[in-house]
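Engineer: So I've got this file, my_file.tsv, and it contains TSV, C-alpha atoms and all ligand atoms:
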chain	number	residue	atom	x	y	z
A	1263	MET	CA	4.89	4.70	27.40
A	1264	THR	CA	2.75	3.42	24.57
A	1265	ASP	CA	2.99	5.13	21.23
A	1266	THR	CA	0.05	7.24	20.14
A	1267	LEU	CA	-1.58	6.74	16.74
A	1268	ALA	CA	0.18	9.91	15.55
A	1269	ASP	CA	3.57	8.59	16.78
A	1270	ILE	CA	3.13	5.35	14.84
A	1271	ALA	CA	1.93	7.14	11.70
A	1272	GLN	CA	4.91	9.50	11.82
A	1273	ALA	CA	7.35	6.64	12.38
A	1274	LEU	CA	5.99	4.95	9.27
A	1275	VAL	CA	6.90	8.01	7.20
A	1276	ALA	CA	10.21	8.80	8.93
A	1277	THR	CA	12.55	10.61	6.56
A	1278	GLY	CA	13.98	8.27	3.92
A	1279	LYS	CA	11.65	5.40	4.79
A	1280	GLY	CA	8.57	3.80	3.31
A	1281	ILE	CA	6.47	0.68	3.59
A	1282	LEU	CA	6.82	-2.76	2.01
A	1283	ALA	CA	3.40	-4.14	1.05
A	1284	ALA	CA	3.84	-7.91	1.44
A	1285	ASP	CA	0.16	-8.56	2.12
A	1286	GLU	CA	-0.71	-10.53	-1.00
A	1287	SER	CA	-3.61	-12.87	-0.34
A	1288	THR	CA	-3.01	-16.58	-0.89
A	1289	GLY	CA	-4.54	-16.29	-4.36
A	1290	THR	CA	-2.44	-13.28	-5.38
A	1291	ILE	CA	0.88	-14.66	-4.12
A	1292	LYS	CA	0.16	-17.88	-6.05
A	1293	LYS	CA	-0.10	-15.79	-9.23
A	1294	ARG	CA	3.23	-14.12	-8.42
A	1295	PHE	CA	4.85	-17.50	-7.75
A	1296	ASP	CA	3.32	-18.95	-10.94
A	1297	SER	CA	5.13	-16.19	-12.88
A	1298	ILE	CA	8.49	-17.60	-11.70
A	1299	SER	CA	7.33	-21.25	-11.86
A	1300	ALA	CA	7.58	-21.65	-8.09
A	1301	GLU	CA	5.11	-23.68	-6.08
A	1302	SER	CA	3.02	-21.75	-3.56
A	1303	THR	CA	2.85	-23.63	-0.26
A	1304	GLU	CA	2.72	-22.44	3.33
A	1305	ASP	CA	6.46	-23.13	3.61
A	1306	SER	CA	7.48	-21.54	0.29
A	1307	ARG	CA	5.48	-18.41	1.10
A	1308	ARG	CA	7.20	-18.30	4.50
A	1309	ASP	CA	10.66	-18.85	3.00
A	1310	TYR	CA	10.18	-16.09	0.43
A	1311	ARG	CA	8.88	-13.56	2.94
A	1312	GLU	CA	11.48	-14.49	5.55
A	1313	LEU	CA	14.21	-13.68	3.01
A	1314	LEU	CA	12.63	-10.25	2.36
A	1315	PHE	CA	12.27	-9.49	6.06
A	1316	ARG	CA	15.81	-10.60	6.97
A	1317	ALA	CA	17.59	-8.68	4.18
A	1318	LYS	CA	20.43	-6.96	6.09
A	1319	GLY	CA	20.09	-3.20	6.18
A	1320	GLY	CA	16.51	-3.20	4.89
A	1321	ASN	CA	15.55	-1.30	8.03
A	1322	GLN	CA	17.39	1.78	6.70
A	1323	TYR	CA	14.78	2.06	3.96
A	1324	VAL	CA	11.70	0.27	5.24
A	1325	SER	CA	9.74	1.55	8.25
A	1326	GLY	CA	6.97	-1.04	8.22
A	1327	VAL	CA	5.71	-4.13	6.43
A	1328	ILE	CA	2.06	-4.91	5.66
A	1329	LEU	CA	1.48	-8.61	6.31
A	1330	TYR	CA	-1.27	-11.00	5.33
A	1331	ASP	CA	-3.14	-12.90	8.06
A	1332	GLU	CA	-1.17	-16.11	7.41
A	1333	THR	CA	2.20	-14.33	7.71
A	1334	LEU	CA	1.38	-12.56	10.98
A	1335	ARG	CA	0.78	-16.01	12.49
A	1336	GLN	CA	3.83	-17.68	10.89
A	1337	ASN	CA	7.22	-18.45	12.43
A	1338	ALA	CA	10.57	-18.15	10.66
A	1339	ALA	CA	12.43	-21.40	9.96
A	1340	ASP	CA	14.19	-21.05	13.36
A	1341	GLY	CA	10.87	-20.71	15.20
A	1342	THR	CA	10.94	-16.91	15.73
A	1343	PRO	CA	7.59	-15.31	14.84
A	1344	LEU	CA	8.01	-13.38	11.58
A	1345	SER	CA	6.54	-10.28	13.26
A	1346	LYS	CA	9.36	-10.48	15.84
A	1347	VAL	CA	11.96	-10.82	13.07
A	1348	LEU	CA	10.70	-7.41	11.88
A	1349	GLN	CA	10.36	-5.82	15.32
A	1350	ASP	CA	13.89	-6.86	16.29
A	1351	GLN	CA	15.16	-4.68	13.44
A	1352	GLY	CA	12.90	-1.75	14.35
A	1353	ILE	CA	10.51	-2.48	11.47
A	1354	ILE	CA	6.84	-2.03	12.37
A	1355	PRO	CA	4.50	-4.94	11.52
A	1356	GLY	CA	1.12	-4.11	9.96
A	1357	ILE	CA	-1.76	-6.20	8.67
A	1358	LYS	CA	-4.19	-6.10	5.77
A	1359	VAL	CA	-7.65	-6.41	7.30
A	1360	ASP	CA	-10.09	-6.15	4.41
A	1361	LEU	CA	-11.54	-9.34	2.96
A	1362	GLY	CA	-11.24	-8.28	-0.67
A	1363	ALA	CA	-13.18	-6.39	-3.33
A	1364	LYS	CA	-16.47	-8.15	-4.24
A	1365	PRO	CA	-18.98	-7.33	-7.01
A	1366	LEU	CA	-21.17	-4.34	-6.10
A	1367	ALA	CA	-24.84	-5.28	-6.46
A	1368	GLY	CA	-26.50	-3.72	-9.49
A	1369	HIS	CA	-23.23	-2.24	-10.81
A	1370	PRO	CA	-21.48	-4.51	-13.31
A	1371	ASP	CA	-17.67	-4.30	-13.20
A	1372	GLU	CA	-17.65	-2.34	-9.94
A	1373	THR	CA	-16.65	-3.56	-6.51
A	1374	ILE	CA	-17.22	-2.94	-2.82
A	1375	THR	CA	-14.59	-4.06	-0.35
A	1376	GLU	CA	-15.91	-6.40	2.32
A	1377	GLY	CA	-14.79	-7.18	5.86
A	1378	LEU	CA	-16.57	-4.82	8.29
A	1379	ASP	CA	-18.60	-7.55	10.03
A	1380	GLY	CA	-16.56	-8.91	12.94
A	1381	LEU	CA	-13.76	-6.44	12.22
A	1382	ARG	CA	-13.58	-5.13	15.82
A	1383	GLU	CA	-12.78	-8.63	17.10
A	1384	ARG	CA	-10.23	-9.31	14.35
A	1385	LEU	CA	-8.49	-5.98	15.01
A	1386	ASN	CA	-8.19	-6.73	18.70
A	1387	GLU	CA	-6.62	-10.09	17.92
A	1388	TYR	CA	-4.20	-8.52	15.41
A	1389	ALA	CA	-3.17	-5.94	18.04
A	1390	GLN	CA	-2.40	-8.80	20.43
A	1391	LEU	CA	-0.35	-10.51	17.73
A	1392	GLY	CA	1.84	-7.39	17.53
A	1393	ALA	CA	0.42	-5.42	14.59
A	1394	LYS	CA	0.64	-1.64	14.97
A	1395	PHE	CA	-1.06	-0.58	11.76
A	1396	THR	CA	-3.57	-1.87	9.24
A	1397	LYS	CA	-4.61	-1.56	5.62
A	1398	TRP	CA	-7.95	-1.61	3.78
A	1399	ARG	CA	-8.15	-1.19	0.01
A	1400	GLY	CA	-11.14	0.17	-1.89
A	1401	VAL	CA	-10.96	-0.37	-5.65
A	1402	TYR	CA	-12.35	1.94	-8.35
A	1403	HIS	CA	-12.54	1.14	-12.05
A	1404	ILE	CA	-12.57	3.84	-14.72
A	1405	THR	CA	-14.88	3.06	-17.68
A	1406	ASP	CA	-17.45	5.10	-19.60
A	1407	GLN	CA	-19.97	4.36	-16.83
A	1408	SER	CA	-17.78	4.12	-13.78
A	1409	PRO	CA	-16.92	4.76	-11.09
A	1410	SER	CA	-20.58	5.31	-10.23
A	1411	LEU	CA	-21.69	7.47	-7.31
A	1412	ALA	CA	-22.84	4.24	-5.69
A	1413	ALA	CA	-19.32	2.75	-5.81
A	1414	ILE	CA	-17.64	5.98	-4.73
A	1415	HIS	CA	-19.92	6.42	-1.71
A	1416	ALA	CA	-20.03	2.78	-0.65
A	1417	ASN	CA	-16.26	2.37	-0.72
A	1418	ALA	CA	-15.61	5.70	1.03
A	1419	HIS	CA	-18.08	4.74	3.75
A	1420	ALA	CA	-16.44	1.35	4.25
A	1421	LEU	CA	-12.96	2.91	4.36
A	1422	ALA	CA	-14.09	5.35	7.04
A	1423	ARG	CA	-15.90	2.70	9.14
A	1424	TYR	CA	-12.75	0.58	8.96
A	1425	ALA	CA	-10.50	3.51	9.89
A	1426	ALA	CA	-12.60	4.37	12.95
A	1427	LEU	CA	-12.53	0.74	14.14
A	1428	ALA	CA	-8.76	0.48	13.60
A	1429	GLN	CA	-8.15	3.62	15.66
A	1430	GLU	CA	-10.46	2.33	18.40
A	1431	ALA	CA	-8.18	-0.75	18.59
A	1432	GLY	CA	-5.07	1.49	18.80
A	1433	LEU	CA	-3.97	0.65	15.26
A	1434	VAL	CA	-3.08	3.20	12.57
A	1435	PRO	CA	-5.30	2.74	9.53
A	1436	ILE	CA	-3.79	3.03	6.09
A	1437	VAL	CA	-6.69	4.25	3.99
A	1438	GLU	CA	-6.25	2.98	0.44
A	1439	PRO	CA	-8.59	4.14	-2.30
A	1440	GLU	CA	-7.06	2.69	-5.48
A	1441	ILE	CA	-8.18	3.92	-8.87
A	1442	LEU	CA	-6.94	1.24	-11.22
A	1443	MET	CA	-4.61	2.01	-14.15
A	1444	ASP	CA	-6.59	-0.40	-16.38
A	1445	GLY	CA	-8.17	1.24	-19.41
A	1446	ASP	CA	-7.42	3.85	-22.06
A	1447	HIS	CA	-8.50	6.98	-20.16
A	1448	ASP	CA	-6.13	9.94	-20.20
A	1449	ILE	CA	-4.55	11.74	-17.24
A	1450	ASN	CA	-7.37	14.33	-17.11
A	1451	VAL	CA	-9.93	11.62	-16.45
A	1452	CYS	CA	-7.72	10.04	-13.78
A	1453	GLN	CA	-7.31	13.43	-12.13
A	1454	ALA	CA	-11.05	14.18	-12.11
A	1455	VAL	CA	-11.90	10.73	-10.72
A	1456	SER	CA	-9.09	10.90	-8.15
A	1457	GLU	CA	-10.40	14.24	-6.88
A	1458	GLU	CA	-13.96	12.96	-6.61
A	1459	VAL	CA	-12.86	9.80	-4.81
A	1460	LEU	CA	-10.52	11.57	-2.38
A	1461	ARG	CA	-13.13	14.23	-1.50
A	1462	SER	CA	-15.64	11.52	-0.78
A	1463	VAL	CA	-13.15	9.55	1.34
A	1464	PHE	CA	-12.21	12.59	3.47
A	1465	THR	CA	-15.88	13.57	3.90
A	1466	GLU	CA	-16.65	10.09	5.23
A	1467	LEU	CA	-13.54	10.10	7.46
A	1468	ALA	CA	-14.82	13.37	8.96
A	1469	ASN	CA	-18.33	11.93	9.39
A	1470	GLN	CA	-16.88	8.96	11.30
A	1471	GLU	CA	-14.69	11.33	13.37
A	1472	VAL	CA	-11.46	9.64	12.38
A	1473	GLU	CA	-8.36	11.38	13.79
A	1474	LEU	CA	-6.48	12.50	10.69
A	1475	GLU	CA	-3.17	12.81	12.56
A	1476	GLY	CA	-3.32	9.05	13.10
A	1477	ILE	CA	-3.90	7.78	9.57
A	1478	LEU	CA	-1.87	7.39	6.39
A	1479	LEU	CA	-3.37	7.76	2.92
A	1480	LYS	CA	-2.36	5.23	0.26
A	1481	PRO	CA	-3.54	6.54	-3.11
A	1482	ASN	CA	-2.79	5.88	-6.76
A	1483	MET	CA	-0.71	8.45	-8.58
A	1484	VAL	CA	-2.55	10.59	-11.14
A	1485	ILE	CA	-1.56	8.91	-14.37
A	1486	ALA	CA	-3.07	7.94	-17.74
A	1487	GLY	CA	-4.55	4.44	-18.13
A	1488	GLN	CA	-2.15	1.74	-19.27
A	1489	LYS	CA	-3.84	1.51	-22.68
A	1490	CYS	CA	-3.96	5.28	-23.29
A	1491	PRO	CA	-1.89	6.21	-26.34
A	1492	ASP	CA	-0.89	9.52	-24.70
A	1493	GLN	CA	1.47	8.83	-21.83
A	1494	ASP	CA	2.71	11.86	-19.92
A	1495	SER	CA	6.17	12.93	-18.79
A	1496	VAL	CA	7.44	12.15	-15.30
A	1497	GLU	CA	7.11	15.85	-14.40
A	1498	GLU	CA	3.50	15.97	-15.60
A	1499	VAL	CA	2.51	12.94	-13.51
A	1500	ALA	CA	4.27	14.49	-10.50
A	1501	ASP	CA	2.55	17.87	-11.03
A	1502	ARG	CA	-0.92	16.43	-11.49
A	1503	THR	CA	-0.58	14.08	-8.55
A	1504	VAL	CA	0.62	16.79	-6.16
A	1505	ALA	CA	-2.02	19.26	-7.38
A	1506	THR	CA	-4.77	16.70	-6.79
A	1507	LEU	CA	-3.51	15.82	-3.32
A	1508	LEU	CA	-3.18	19.49	-2.35
A	1509	ARG	CA	-6.82	20.03	-3.32
A	1510	CYS	CA	-8.17	17.04	-1.41
A	1511	VAL	CA	-5.95	15.88	1.46
A	1512	PRO	CA	-6.00	17.88	4.72
A	1513	ALA	CA	-2.63	19.02	6.08
A	1514	ALA	CA	-3.28	17.13	9.35
A	1515	VAL	CA	-2.57	13.84	7.56
A	1516	PRO	CA	1.09	13.02	8.34
A	1517	GLY	CA	1.90	11.01	5.27
A	1518	ILE	CA	0.85	9.83	1.85
A	1519	VAL	CA	2.33	6.49	0.81
A	1520	PHE	CA	1.66	5.59	-2.81
A	1521	LEU	CA	0.80	2.18	-4.21
A	1522	SER	CA	2.66	1.22	-7.38
A	1523	GLY	CA	-0.44	-0.14	-9.10
A	1524	GLY	CA	1.23	-1.76	-12.12
A	1525	GLN	CA	3.73	1.00	-12.94
A	1526	THR	CA	7.16	-0.29	-13.93
A	1527	ASP	CA	9.84	-0.25	-11.25
A	1528	GLU	CA	11.50	2.71	-12.90
A	1529	GLN	CA	8.26	4.73	-13.25
A	1530	SER	CA	7.23	4.18	-9.65
A	1531	THR	CA	10.61	5.41	-8.41
A	1532	GLU	CA	10.96	8.32	-10.84
A	1533	HIS	CA	7.46	9.64	-10.19
A	1534	LEU	CA	7.94	9.61	-6.41
A	1535	ASN	CA	11.37	11.18	-6.78
A	1536	ALA	CA	10.06	13.95	-9.04
A	1537	MET	CA	7.31	14.89	-6.59
A	1538	ASN	CA	9.76	15.19	-3.72
A	1539	LYS	CA	12.35	16.99	-5.81
A	1540	MET	CA	9.94	19.48	-7.37
A	1541	TYR	CA	7.96	20.24	-4.21
A	1542	SER	CA	9.84	20.79	-0.98
A	1543	ASN	CA	7.19	22.44	1.18
A	1544	LEU	CA	4.31	19.98	1.17
A	1545	PRO	CA	2.14	19.58	4.27
A	1546	TRP	CA	2.61	15.78	4.36
A	1547	LYS	CA	5.46	13.34	3.73
A	1548	LEU	CA	5.28	11.63	0.33
A	1549	SER	CA	6.65	8.10	0.36
A	1550	PHE	CA	5.95	4.57	-0.86
A	1551	SER	CA	3.93	1.55	0.18
A	1552	TYR	CA	4.84	-0.56	-2.82
A	1553	GLY	CA	4.09	-4.19	-3.43
A	1554	ARG	CA	5.02	-5.10	-6.98
A	1555	ALA	CA	7.50	-2.23	-7.43
A	1556	LEU	CA	9.55	-3.55	-4.50
A	1557	GLN	CA	9.05	-7.26	-5.08
A	1558	ALA	CA	9.18	-7.85	-8.85
A	1559	ALA	CA	13.00	-7.76	-8.97
A	1560	PRO	CA	13.65	-9.96	-5.92
A	1561	LEU	CA	10.94	-12.40	-6.96
A	1562	LYS	CA	12.64	-12.86	-10.32
A	1563	ALA	CA	16.11	-13.18	-8.75
A	1564	TRP	CA	14.82	-15.79	-6.28
A	1565	ALA	CA	12.91	-17.94	-8.79
A	1566	GLY	CA	11.83	-20.21	-5.93
A	1567	LYS	CA	15.38	-21.52	-5.36
A	1568	LYS	CA	17.12	-21.57	-2.00
A	1569	GLU	CA	20.54	-20.99	-3.57
A	1570	ASN	CA	19.33	-17.64	-4.94
A	1571	GLY	CA	18.58	-16.25	-1.48
A	1572	SER	CA	21.39	-13.71	-1.35
A	1573	ALA	CA	20.81	-12.52	-4.94
A	1574	MET	CA	17.16	-12.09	-4.05
A	1575	GLN	CA	17.99	-10.04	-0.97
A	1576	SER	CA	20.40	-7.83	-2.95
A	1577	ALA	CA	17.70	-7.17	-5.56
A	1578	PHE	CA	15.24	-6.23	-2.85
A	1579	LEU	CA	17.70	-3.94	-1.06
A	1580	LYS	CA	18.47	-2.14	-4.32
A	1581	ARG	CA	14.78	-1.42	-4.96
A	1582	ALA	CA	14.26	-0.38	-1.33
A	1583	GLU	CA	17.28	1.95	-1.45
A	1584	ASP	CA	16.18	3.52	-4.74
A	1585	ASN	CA	12.71	4.23	-3.38
A	1586	SER	CA	14.13	5.51	-0.11
A	1587	LYS	CA	16.12	8.04	-2.16
A	1588	ALA	CA	12.98	8.89	-4.15
A	1589	SER	CA	11.17	9.62	-0.89
A	1590	THR	CA	13.62	12.47	-0.29
A	1591	GLY	CA	13.93	13.53	-3.94
A	1592	THR	CA	17.54	12.35	-4.20
A	1593	TYR	CA	17.23	9.38	-6.58
A	1601	LIG	P1	1.23	-2.46	-5.58
A	1601	LIG	O1	2.33	-1.53	-5.19
A	1601	LIG	O2	1.71	-3.72	-6.24
A	1601	LIG	O3	0.12	-1.78	-6.30
A	1601	LIG	O4	0.61	-3.02	-4.23
A	1601	LIG	C1	0.36	-2.16	-3.20
A	1601	LIG	C2	-0.79	-2.67	-2.44
A	1601	LIG	O5	-0.69	-2.91	-1.27
A	1601	LIG	C3	-2.07	-2.84	-3.14
A	1601	LIG	O6	-3.09	-3.02	-2.21
Would you mind giving the structure from this file in structure tokens?
Ligand code: 13P

Structural biologist:
Amino acid sequence: MTDTLADIAQALVATGKGILAADESTGTIKKRFDSISAESTEDSRRDYRELLFRAKGGNQYVSGVILYDETLRQNAADGTPLSKVLQDQGIIPGIKVDLGAKPLAGHPDETITEGLDGLRERLNEYAQLGAKFTKWRGVYHITDQSPSLAAIHANAHALARYAALAQEAGLVPIVEPEILMDGDHDINVCQAVSEEVLRSVFTELANQEVELEGILLKPNMVIAGQKCPDQDSVEEVADRTVATLLRCVPAAVPGIVFLSGGQTDEQSTEHLNAMNKMYSNLPWKLSFSYGRALQAAPLKAWAGKKENGSAMQSAFLKRAEDNSKASTGTY
């Protein structure tokens, strides 16, 4: 029997598990590799990701991995498709399907995420390649003038159009509206903007008749901007984030998987842990879909060198285990 959208979504937020976001575009992974003075080539990107995917026991903590187009088509060094390397361990392969955030006409410093044209065909191909879920990221910048209504509505509309198409193709959409941590705004501003953005996203999802039981939400946490002099306690971030989600996210959504968004490793784990520890009766699972907060440590341990492979895998497993604990409030 084939799994329903709701089955896949629930499997992705199975107790104690979260998602590894390894869907960096070629440009972004080059920046990450530059930071460890490693060359970014098709083979080095494959070698790095193969190490992550083959880390023994990773499947206790990781339910699914978001891949980039190149990776979904790549084979491991022994010729096994990387998606099969994941599936053989019971890890669900997913795929980032947006084509990136581009300048929004008439709105300096704001973006609209592109990729709806031809998306139906791409989704059908990704389903054939073994993907079971997808991701699309809308990006919102907080400044004195933004986010504008234009950016909020355009990105919510695109997220909902994407989500409907993904479900039509039998793929679970991860709906990711990311309010960036850049700037000096305080937590109140982040909370107000997060509420406005989430309300708009769920209105558009309803308009497009997206089945909420078959999606996951991937939001930012409610947190002060990185340059704000007033940084809040772990408990305050947890309280504000949960309060905002309770106001805006319907109970039919099975899970909320946070992005790390530039938080330190420790912050991303402590905040998730606090939410799950302080609130035990939430309508949805709260877990992780971290990129940097899962990969910064292994990337550093690897440093582009083959001989560091096992140190790299240990560093990754440690971060995955810590965040798995945080997803049950036991870190
Ligand atoms: P970070 O956890 O590094 O923010 O990445 C998550 C992600 O997938 C962003 O789109």

Engineer: Can you pull out every residue with an atom within 6 Å of ligand LIG 1601 (chain A)? Use only C-alpha atoms and all ligand atoms and format it as a list in words.

Structural biologist: Ala1283, Arg1399, Leu1521, Ser1522, Gly1523, Gly1524, Tyr1552, Gly1553, Arg1554 and Ala1555 of chain A

Engineer: With distances taken over all atoms listed in the file, which of A:Ser1589, A:Gln1525, A:Ala1420, A:Gly1368 is nearest to Ala1558 (chain A)?

Structural biologist: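 Ranked by minimum distance to Ala1558 (chain A), first place goes to A:Gln1525.
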
Engineer: Within 7 Å of region 1535-1546 of chain A, counting only C-alpha atoms, which residues qualify if same-chain residues fewer than 4 places away don't, as number ranges by chain?

Structural biologist: A: 1497, 1500, 1504, 1513, 1515-1518, 1531, 1588-1593

Engineer: Just the selected residues (C-alpha atoms), exported as a PDB file, in the frame of the given file, please.

Structural biologist:
ATOM      1  CA  GLU A1497       7.110  15.850 -14.400  1.00  0.00           C
ATOM      2  CA  ALA A1500       4.270  14.490 -10.500  1.00  0.00           C
ATOM      3  CA  VAL A1504       0.620  16.790  -6.160  1.00  0.00           C
ATOM      4  CA  ALA A1513      -2.630  19.020   6.080  1.00  0.00           C
ATOM      5  CA  VAL A1515      -2.570  13.840   7.560  1.00  0.00           C
ATOM      6  CA  PRO A1516       1.090  13.020   8.340  1.00  0.00           C
ATOM      7  CA  GLY A1517       1.900  11.010   5.270  1.00  0.00           C
ATOM      8  CA  ILE A1518       0.850   9.830   1.850  1.00  0.00           C
ATOM      9  CA  THR A1531      10.610   5.410  -8.410  1.00  0.00           C
ATOM     10  CA  ALA A1588      12.980   8.890  -4.150  1.00  0.00           C
ATOM     11  CA  SER A1589      11.170   9.620  -0.890  1.00  0.00           C
ATOM     12  CA  THR A1590      13.620  12.470  -0.290  1.00  0.00           C
ATOM     13  CA  GLY A1591      13.930  13.530  -3.940  1.00  0.00           C
ATOM     14  CA  THR A1592      17.540  12.350  -4.200  1.00  0.00           C
ATOM     15  CA  TYR A1593      17.230   9.380  -6.580  1.00  0.00           C
TER      16      TYR A1593
END

Engineer: Restricting the calculation to only C-alpha atoms, which member of A:Leu1433, A:Val1451, A:Thr1396, A:Phe1295 is positioned closest to Ser1408 (chain A)?

Structural biologist: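 Comparing A:Leu1433, A:Val1451, A:Thr1396, A:Phe1295 against Ser1408 (chain A), the winner is A:Val1451.
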
Engineer: Would you kindly identify which residues have an atom no farther than 12 Å from (-5.4, 21.2, -8.9), using all atoms listed in the file and the file's own coordinates, and write them out as a PDB file with C-alpha atoms, in the frame of the given file?

Structural biologist:
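Saved the output as result.pdb:
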ATOM      1  CA  ASN A1450      -7.370  14.330 -17.110  1.00  0.00           C
ATOM      2  CA  GLN A1453      -7.310  13.430 -12.130  1.00  0.00           C
ATOM      3  CA  ALA A1454     -11.050  14.180 -12.110  1.00  0.00           C
ATOM      4  CA  SER A1456      -9.090  10.900  -8.150  1.00  0.00           C
ATOM      5  CA  GLU A1457     -10.400  14.240  -6.880  1.00  0.00           C
ATOM      6  CA  VAL A1484      -2.550  10.590 -11.140  1.00  0.00           C
ATOM      7  CA  ALA A1500       4.270  14.490 -10.500  1.00  0.00           C
ATOM      8  CA  ASP A1501       2.550  17.870 -11.030  1.00  0.00           C
ATOM      9  CA  ARG A1502      -0.920  16.430 -11.490  1.00  0.00           C
ATOM     10  CA  THR A1503      -0.580  14.080  -8.550  1.00  0.00           C
ATOM     11  CA  VAL A1504       0.620  16.790  -6.160  1.00  0.00           C
ATOM     12  CA  ALA A1505      -2.020  19.260  -7.380  1.00  0.00           C
ATOM     13  CA  THR A1506      -4.770  16.700  -6.790  1.00  0.00           C
ATOM     14  CA  LEU A1507      -3.510  15.820  -3.320  1.00  0.00           C
ATOM     15  CA  LEU A1508      -3.180  19.490  -2.350  1.00  0.00           C
ATOM     16  CA  ARG A1509      -6.820  20.030  -3.320  1.00  0.00           C
ATOM     17  CA  CYS A1510      -8.170  17.040  -1.410  1.00  0.00           C
ATOM     18  CA  VAL A1511      -5.950  15.880   1.460  1.00  0.00           C
TER      19      VAL A1511
END

Engineer: I'd like the interatomic distance between CA of Asp1305 (chain A) and CA of Gln1390 (chain A), to a tenth of an Å.

Structural biologist: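 Taking CA of Asp1305 (chain A) as the start and CA of Gln1390 (chain A) as the end point, the length is 23.8 Å.
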
Engineer: For region 1334-1345 of chain A, take all atoms listed in the file, fit an axis-aligned box around them, add 4 Å to each of the six sides, then output centre and edge lengths in Å rounded to one decimal, as lines of an AutoDock Vina configuration file.

Structural biologist:
center_x = 7.5
center_y = -15.8
center_z = 12.8
size_x = 21.4
size_y = 19.1
size_z = 13.8

Engineer: Can you find the residues with an atom no farther than 7 Å from (-4.7, -6.4, 7.2), counting all atoms listed in the file, and report them as an MDAnalysis selection string?

Structural biologist: chainID A and resid 1329:1331 1356:1360 1396:1398

Engineer: Can you tell me, as a ChimeraX atom specification, what residues are no more than 12 Å from Leu1467 (chain A) when counting all atoms listed in the file, ignoring any on the same chain fewer than 6 positions away?

Structural biologist: /A:1415,1417-1427,1429,1435,1437,1460-1461,1473-1477,1479,1511-1512,1515

Engineer: Set the distance at 12 Å and use only C-alpha atoms: which residues neighbour Gly1571 (chain A) once local chain neighbours fewer than 2 positions away are removed? I'd like the list as a list in words.

Structural biologist: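 Skipping anything fewer than 2 positions along the chain leaves Asp1309, Tyr1310, Arg1311, Glu1312, Leu1313, Leu1314, Phe1315, Arg1316, Ala1317, Pro1560, Leu1561, Lys1562, Ala1563, Trp1564, Ala1565, Gly1566, Lys1567, Lys1568, Glu1569, Ala1573, Met1574, Gln1575, Ser1576, Ala1577 and Phe1578 of chain A.
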
Engineer: The selected residues should be written to file as a compact mmCIF listing (two decimals), keeping the file's coordinate frame (atoms: C-alpha atoms).

Structural biologist:
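Below is the file that was written, selection-v8.txt:
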# COMPACT_ATOMS: atom_id res chain seq x y z
CA ASP A 1309 10.66 -18.85 3.00
CA TYR A 1310 10.18 -16.09 0.43
CA ARG A 1311 8.88 -13.56 2.94
CA GLU A 1312 11.48 -14.49 5.55
CA LEU A 1313 14.21 -13.68 3.01
CA LEU A 1314 12.63 -10.25 2.36
CA PHE A 1315 12.27 -9.49 6.06
CA ARG A 1316 15.81 -10.60 6.97
CA ALA A 1317 17.59 -8.68 4.18
CA PRO A 1560 13.65 -9.96 -5.92
CA LEU A 1561 10.94 -12.40 -6.96
CA LYS A 1562 12.64 -12.86 -10.32
CA ALA A 1563 16.11 -13.18 -8.75
CA TRP A 1564 14.82 -15.79 -6.28
CA ALA A 1565 12.91 -17.94 -8.79
CA GLY A 1566 11.83 -20.21 -5.93
CA LYS A 1567 15.38 -21.52 -5.36
CA LYS A 1568 17.12 -21.57 -2.00
CA GLU A 1569 20.54 -20.99 -3.57
CA ALA A 1573 20.81 -12.52 -4.94
CA MET A 1574 17.16 -12.09 -4.05
CA GLN A 1575 17.99 -10.04 -0.97
CA SER A 1576 20.40 -7.83 -2.95
CA ALA A 1577 17.70 -7.17 -5.56
CA PHE A 1578 15.24 -6.23 -2.85

Engineer: Counting only C-alpha atoms, which of A:Thr1342, A:Gly1380, A:Ala1393, A:Leu1267 gets nearest to Gly1326 (chain A)?

Structural biologist: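 Among the listed residues, the smallest separation from Gly1326 (chain A) belongs to A:Ala1393.
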
Engineer: List as an MDAnalysis selection string the protein and nucleic acid residues near Met1443 (chain A), meaning an atom at most 10 Å away when only C-alpha atoms are counted, but skip any in the same chain fewer than 2 places from it.

Structural biologist: chainID A and resid 1402:1404 1440:1441 1445:1447 1452 1482:1490 1522:1525

Engineer: Figure out the distance between CA of Ala1412 (chain A) and CA of Val1463 (chain A), please, to one decimal in Å.

Structural biologist: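 Spanning CA of Val1463 (chain A) to CA of Ala1412 (chain A) is a straight-line distance of 13.1 Å.
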
Engineer: What's the separation between CA of Leu1391 (chain A) and CA of Pro1343 (chain A), in Å to one decimal place?

Structural biologist: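 Atom-to-atom, CA of Leu1391 (chain A) and CA of Pro1343 (chain A) are spaced 9.7 Å apart.
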